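Colleague: For reference, the file start_36.csv (CSV, C-alpha atoms) is included below:
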```csv
chain,number,residue,atom,x,y,z
X,16,MET,CA,18.3,9.3,11.7
X,17,SER,CA,15.8,6.6,12.7
X,18,VAL,CA,14.9,3.8,10.3
X,19,HIS,CA,11.4,4.0,8.9
X,20,PHE,CA,8.9,1.5,10.5
X,21,ASP,CA,8.4,-0.5,7.2
X,22,GLU,CA,12.2,-0.8,6.6
X,23,LYS,CA,12.5,-2.6,9.9
X,24,SER,CA,9.3,-4.6,9.9
X,25,GLY,CA,9.0,-5.5,6.3
X,26,VAL,CA,5.9,-5.4,4.1
X,27,VAL,CA,2.8,-7.6,3.8
X,28,PRO,CA,2.3,-7.9,0.0
X,29,CYS,CA,-0.7,-9.0,-1.9
X,30,GLU,CA,0.5,-10.9,-5.0
X,31,THR,CA,-1.3,-10.2,-8.3
X,32,PRO,CA,-0.8,-11.5,-11.9
X,33,TRP,CA,1.2,-8.4,-12.8
X,34,GLY,CA,3.2,-8.0,-9.6
X,35,ARG,CA,2.1,-7.0,-6.1
X,36,TRP,CA,0.7,-4.2,-3.9
X,37,TYR,CA,1.1,-3.4,-0.2
X,38,GLN,CA,0.2,-0.5,2.1
X,39,THR,CA,1.2,1.5,5.1
X,40,MET,CA,-1.1,3.8,7.2
X,41,GLU,CA,-0.4,6.6,4.7
X,42,GLU,CA,0.4,5.1,1.3
X,43,VAL,CA,-0.4,2.3,-1.1
X,44,PHE,CA,2.5,0.9,-3.1
X,45,ILE,CA,2.0,-0.9,-6.4
X,46,GLU,CA,4.8,-2.8,-8.1
X,47,VAL,CA,4.2,-3.9,-11.7
X,48,ASN,CA,6.6,-6.2,-13.5
X,49,VAL,CA,7.1,-5.1,-17.1
X,50,PRO,CA,9.2,-6.7,-19.9
X,51,PRO,CA,12.9,-6.0,-19.5
X,52,GLY,CA,14.0,-3.0,-21.6
X,53,THR,CA,10.7,-1.2,-21.3
X,54,SER,CA,11.2,2.6,-21.7
X,55,SER,CA,9.2,5.3,-20.0
X,56,LYS,CA,7.7,6.3,-23.4
X,57,GLU,CA,6.0,2.9,-23.5
X,58,ILE,CA,4.1,3.5,-20.2
X,59,LYS,CA,0.9,5.4,-19.9
X,60,CYS,CA,-0.2,5.9,-16.3
X,61,SER,CA,-3.1,8.0,-15.1
X,62,LEU,CA,-3.7,8.5,-11.3
X,63,GLY,CA,-6.9,10.1,-10.0
X,64,SER,CA,-8.3,10.4,-6.6
X,65,ARG,CA,-10.4,7.3,-7.1
X,66,GLN,CA,-9.2,5.9,-10.5
X,67,ILE,CA,-6.1,4.3,-11.9
X,68,THR,CA,-5.1,3.3,-15.4
X,69,LEU,CA,-1.8,1.7,-16.5
X,70,TYR,CA,-0.9,0.7,-20.0
X,71,VAL,CA,2.5,-0.8,-20.9
X,72,LYS,CA,3.4,-1.1,-24.6
X,73,GLY,CA,-0.2,-0.5,-25.5
X,74,HIS,CA,-1.6,-3.3,-23.3
X,75,GLU,CA,-3.9,-2.6,-20.4
X,76,VAL,CA,-2.4,-3.7,-17.1
X,77,ILE,CA,-4.5,-2.0,-14.4
X,78,LYS,CA,-7.7,0.0,-14.9
X,79,GLY,CA,-10.5,0.7,-12.5
X,80,ASN,CA,-11.8,2.4,-9.4
X,81,LEU,CA,-9.5,2.3,-6.4
X,82,TYR,CA,-10.7,0.7,-3.2
X,83,ALA,CA,-10.7,4.1,-1.4
X,84,SER,CA,-9.8,7.7,-2.2
X,85,THR,CA,-6.3,9.0,-2.6
X,86,ILE,CA,-4.7,12.4,-3.0
X,87,ALA,CA,-4.3,12.6,-6.7
X,88,ASP,CA,-1.7,15.3,-6.7
X,89,GLU,CA,0.6,13.2,-4.6
X,90,GLY,CA,0.5,10.0,-6.6
X,91,THR,CA,3.6,9.2,-8.5
X,92,TRP,CA,5.0,6.4,-10.7
X,93,THR,CA,8.6,5.5,-11.7
X,94,LEU,CA,10.2,3.0,-14.0
X,95,GLU,CA,13.0,1.2,-12.2
X,96,ASP,CA,15.8,-0.7,-14.0
X,97,LYS,CA,13.6,-0.8,-17.2
X,98,LYS,CA,11.7,-3.7,-15.7
X,99,LEU,CA,9.5,-2.5,-12.8
X,100,VAL,CA,6.9,0.2,-12.6
X,101,ARG,CA,6.4,1.5,-9.0
X,102,ILE,CA,3.3,3.5,-8.2
X,103,VAL,CA,2.9,5.3,-4.9
X,104,LEU,CA,-0.6,6.5,-3.9
X,105,MET,CA,-1.2,8.8,-0.8
X,106,LYS,CA,-4.3,7.7,1.1
X,107,SER,CA,-6.8,10.4,1.9
X,108,HIS,CA,-7.6,8.8,5.2
X,109,ARG,CA,-4.3,8.0,7.0
X,110,GLU,CA,-5.2,5.8,10.0
X,111,ALA,CA,-4.7,2.2,11.0
X,112,GLY,CA,-8.4,1.6,10.6
X,113,ASN,CA,-8.2,2.4,6.8
X,114,CYS,CA,-6.8,-1.0,5.7
X,115,TRP,CA,-7.5,-1.6,2.1
X,116,THR,CA,-8.8,-5.1,1.5
X,117,SER,CA,-8.2,-4.8,-2.3
X,118,LEU,CA,-6.5,-2.5,-4.7
X,119,LEU,CA,-9.5,-1.9,-6.8
X,120,GLU,CA,-13.2,-2.0,-5.9
X,121,ASP,CA,-13.6,-5.3,-7.7
X,122,LYS,CA,-10.1,-6.7,-8.4
X,123,TYR,CA,-6.9,-7.7,-6.7
X,124,SER,CA,-8.3,-8.5,-3.3
X,125,ALA,CA,-6.0,-9.8,-0.6
X,126,ASP,CA,-7.0,-13.2,0.7
X,127,PRO,CA,-8.3,-13.3,4.3
X,128,TRP,CA,-4.9,-14.3,5.8
X,129,VAL,CA,-3.1,-11.4,4.0
X,130,GLN,CA,-5.8,-9.0,5.0
X,131,ASP,CA,-5.4,-10.1,8.6
X,132,GLN,CA,-1.6,-9.6,8.4
X,133,MET,CA,-2.0,-6.2,6.7
X,134,GLN,CA,-4.3,-5.0,9.5
X,135,LYS,CA,-1.9,-6.3,12.2
X,136,LYS,CA,0.9,-4.4,10.6
X,137,LEU,CA,-1.1,-1.1,10.3
X,138,THR,CA,-2.1,-1.4,14.0
X,139,LEU,CA,1.6,-1.9,15.0
X,140,GLU,CA,2.5,1.0,12.9
X,141,ARG,CA,-0.1,3.1,14.7
X,142,PHE,CA,1.3,2.0,18.1
X,143,HIS,CA,4.8,2.8,16.9
X,144,ARG,CA,3.7,6.4,16.0
X,145,GLU,CA,1.8,6.9,19.2
X,146,ASN,CA,4.7,5.7,21.3
X,147,PRO,CA,7.9,7.3,19.9
X,148,GLY,CA,11.0,5.6,21.3
X,149,PHE,CA,9.4,2.1,21.4
X,150,ASP,CA,10.3,-0.3,18.6
X,151,PHE,CA,7.2,-2.3,17.5
X,152,SER,CA,8.8,-3.5,14.3
X,153,GLY,CA,9.2,-7.1,15.5
X,154,ALA,CA,6.2,-7.2,17.8
X,155,GLU,CA,3.4,-9.7,17.6
X,156,ILE,CA,-0.2,-8.7,18.2
X,157,SER,CA,-3.3,-10.6,19.0
X,158,GLY,CA,-6.9,-9.9,20.1
X,159,ASN,CA,-8.9,-6.9,18.9
X,160,TYR,CA,-6.8,-5.2,16.2
X,161,ALA,CA,-9.5,-4.9,13.5
X,162,GLY,CA,-10.2,-1.3,12.6
X,163,GLY,CA,-6.8,-0.2,13.9
X,164,GLY,CA,-7.0,-1.7,17.3
X,165,PRO,CA,-8.2,-0.4,20.6
X,166,ASP,CA,-8.4,3.4,21.2
X,167,PHE,CA,-6.2,4.4,24.2
X,168,SER,CA,-6.5,8.1,23.7
X,169,SER,CA,-8.9,8.6,26.6
X,170,LEU,CA,-6.5,6.9,29.1
X,171,LYS,CA,-4.3,9.2,31.2
```
Mind turning the file's structure into structure tokens?

Modeller:
Amino acid sequence: MSVHFDEKSGVVPCETPWGRWYQTMEEVFIEVNVPPGTSSKEIKCSLGSRQITLYVKGHEVIKGNLYASTIADEGTWTLEDKKLVRIVLMKSHREAGNCWTSLLEDKYSADPWVQDQMQKKLTLERFHRENPGFDFSGAEISGNYAGGGPDFSSLK
């Protein structure tokens, strides 16, 4: 069984006051640090196609409109070790050009350097998928990779 691209290449996280978020071509991952000993009964999480709300012990942690649309039925959250809430959102548009620059429309933006690194990673992930058998996990990329990089589909 082959190792998933992200496991070999790592992630490019955007740090936030409550934890961090990062993305792949298909998914957005949100990791929220909660007080040790938190139980699942103390967490209220609602995931919609364009909205997210997360309350921990009655306190609002995340609430707002997502940067882009997701598939609501495929969003999940878990409480890990009673100290971390992990939320996984499935992007509606799964392509390298769909690089979220922020988690919400108006909050938790990645700084320009992190945005650049995220786009590079998504472009390398796209190349990896288009070229099975080649390992792009440690590759460097330069040039035009904005919007998912160049389109080679017309080349034969």

Colleague: Near Ala87 in chain X, counting all atoms listed in the file, which residues have an atom at most 8 Å away, once you skip same-chain residues fewer than 6 positions from it, shown as a list in words?

Modeller: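 Neighbouring residues, sequence-local ones excluded: Leu62, Gly63, Ser64, Leu104 and Met105 of chain X.
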
Colleague: Between CA of Lys56 in chain X and CA of Trp33 in chain X, what is the spacing in Å?

Modeller: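 We find that CA of Trp33 in chain X and CA of Lys56 in chain X lie 19.3 Å from each other.
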
Colleague: Provide the CA of Glu95 in chain X to CA of Ile45 in chain X distance in Å, to one decimal place.

Modeller: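 Result for CA of Glu95 in chain X versus CA of Ile45 in chain X: 12.6 Å, one decimal.
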
Colleague: Of the residues X:Glu57, X:Glu120, X:Asp126, X:Glu140, which is the one nearest to Gln38 in chain X, using all atoms listed in the file?

Modeller: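 Nearest candidate to Gln38 in chain X out of X:Glu57, X:Glu120, X:Asp126, X:Glu140: X:Glu140.
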
Colleague: Restricting the calculation to only C-alpha atoms, which member of X:Leu69, X:Gly112, X:Gln130, X:Arg141 is positioned closest to Glu30 in chain X?

Modeller: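 So, comparing all the options, the nearest one is X:Gln130.
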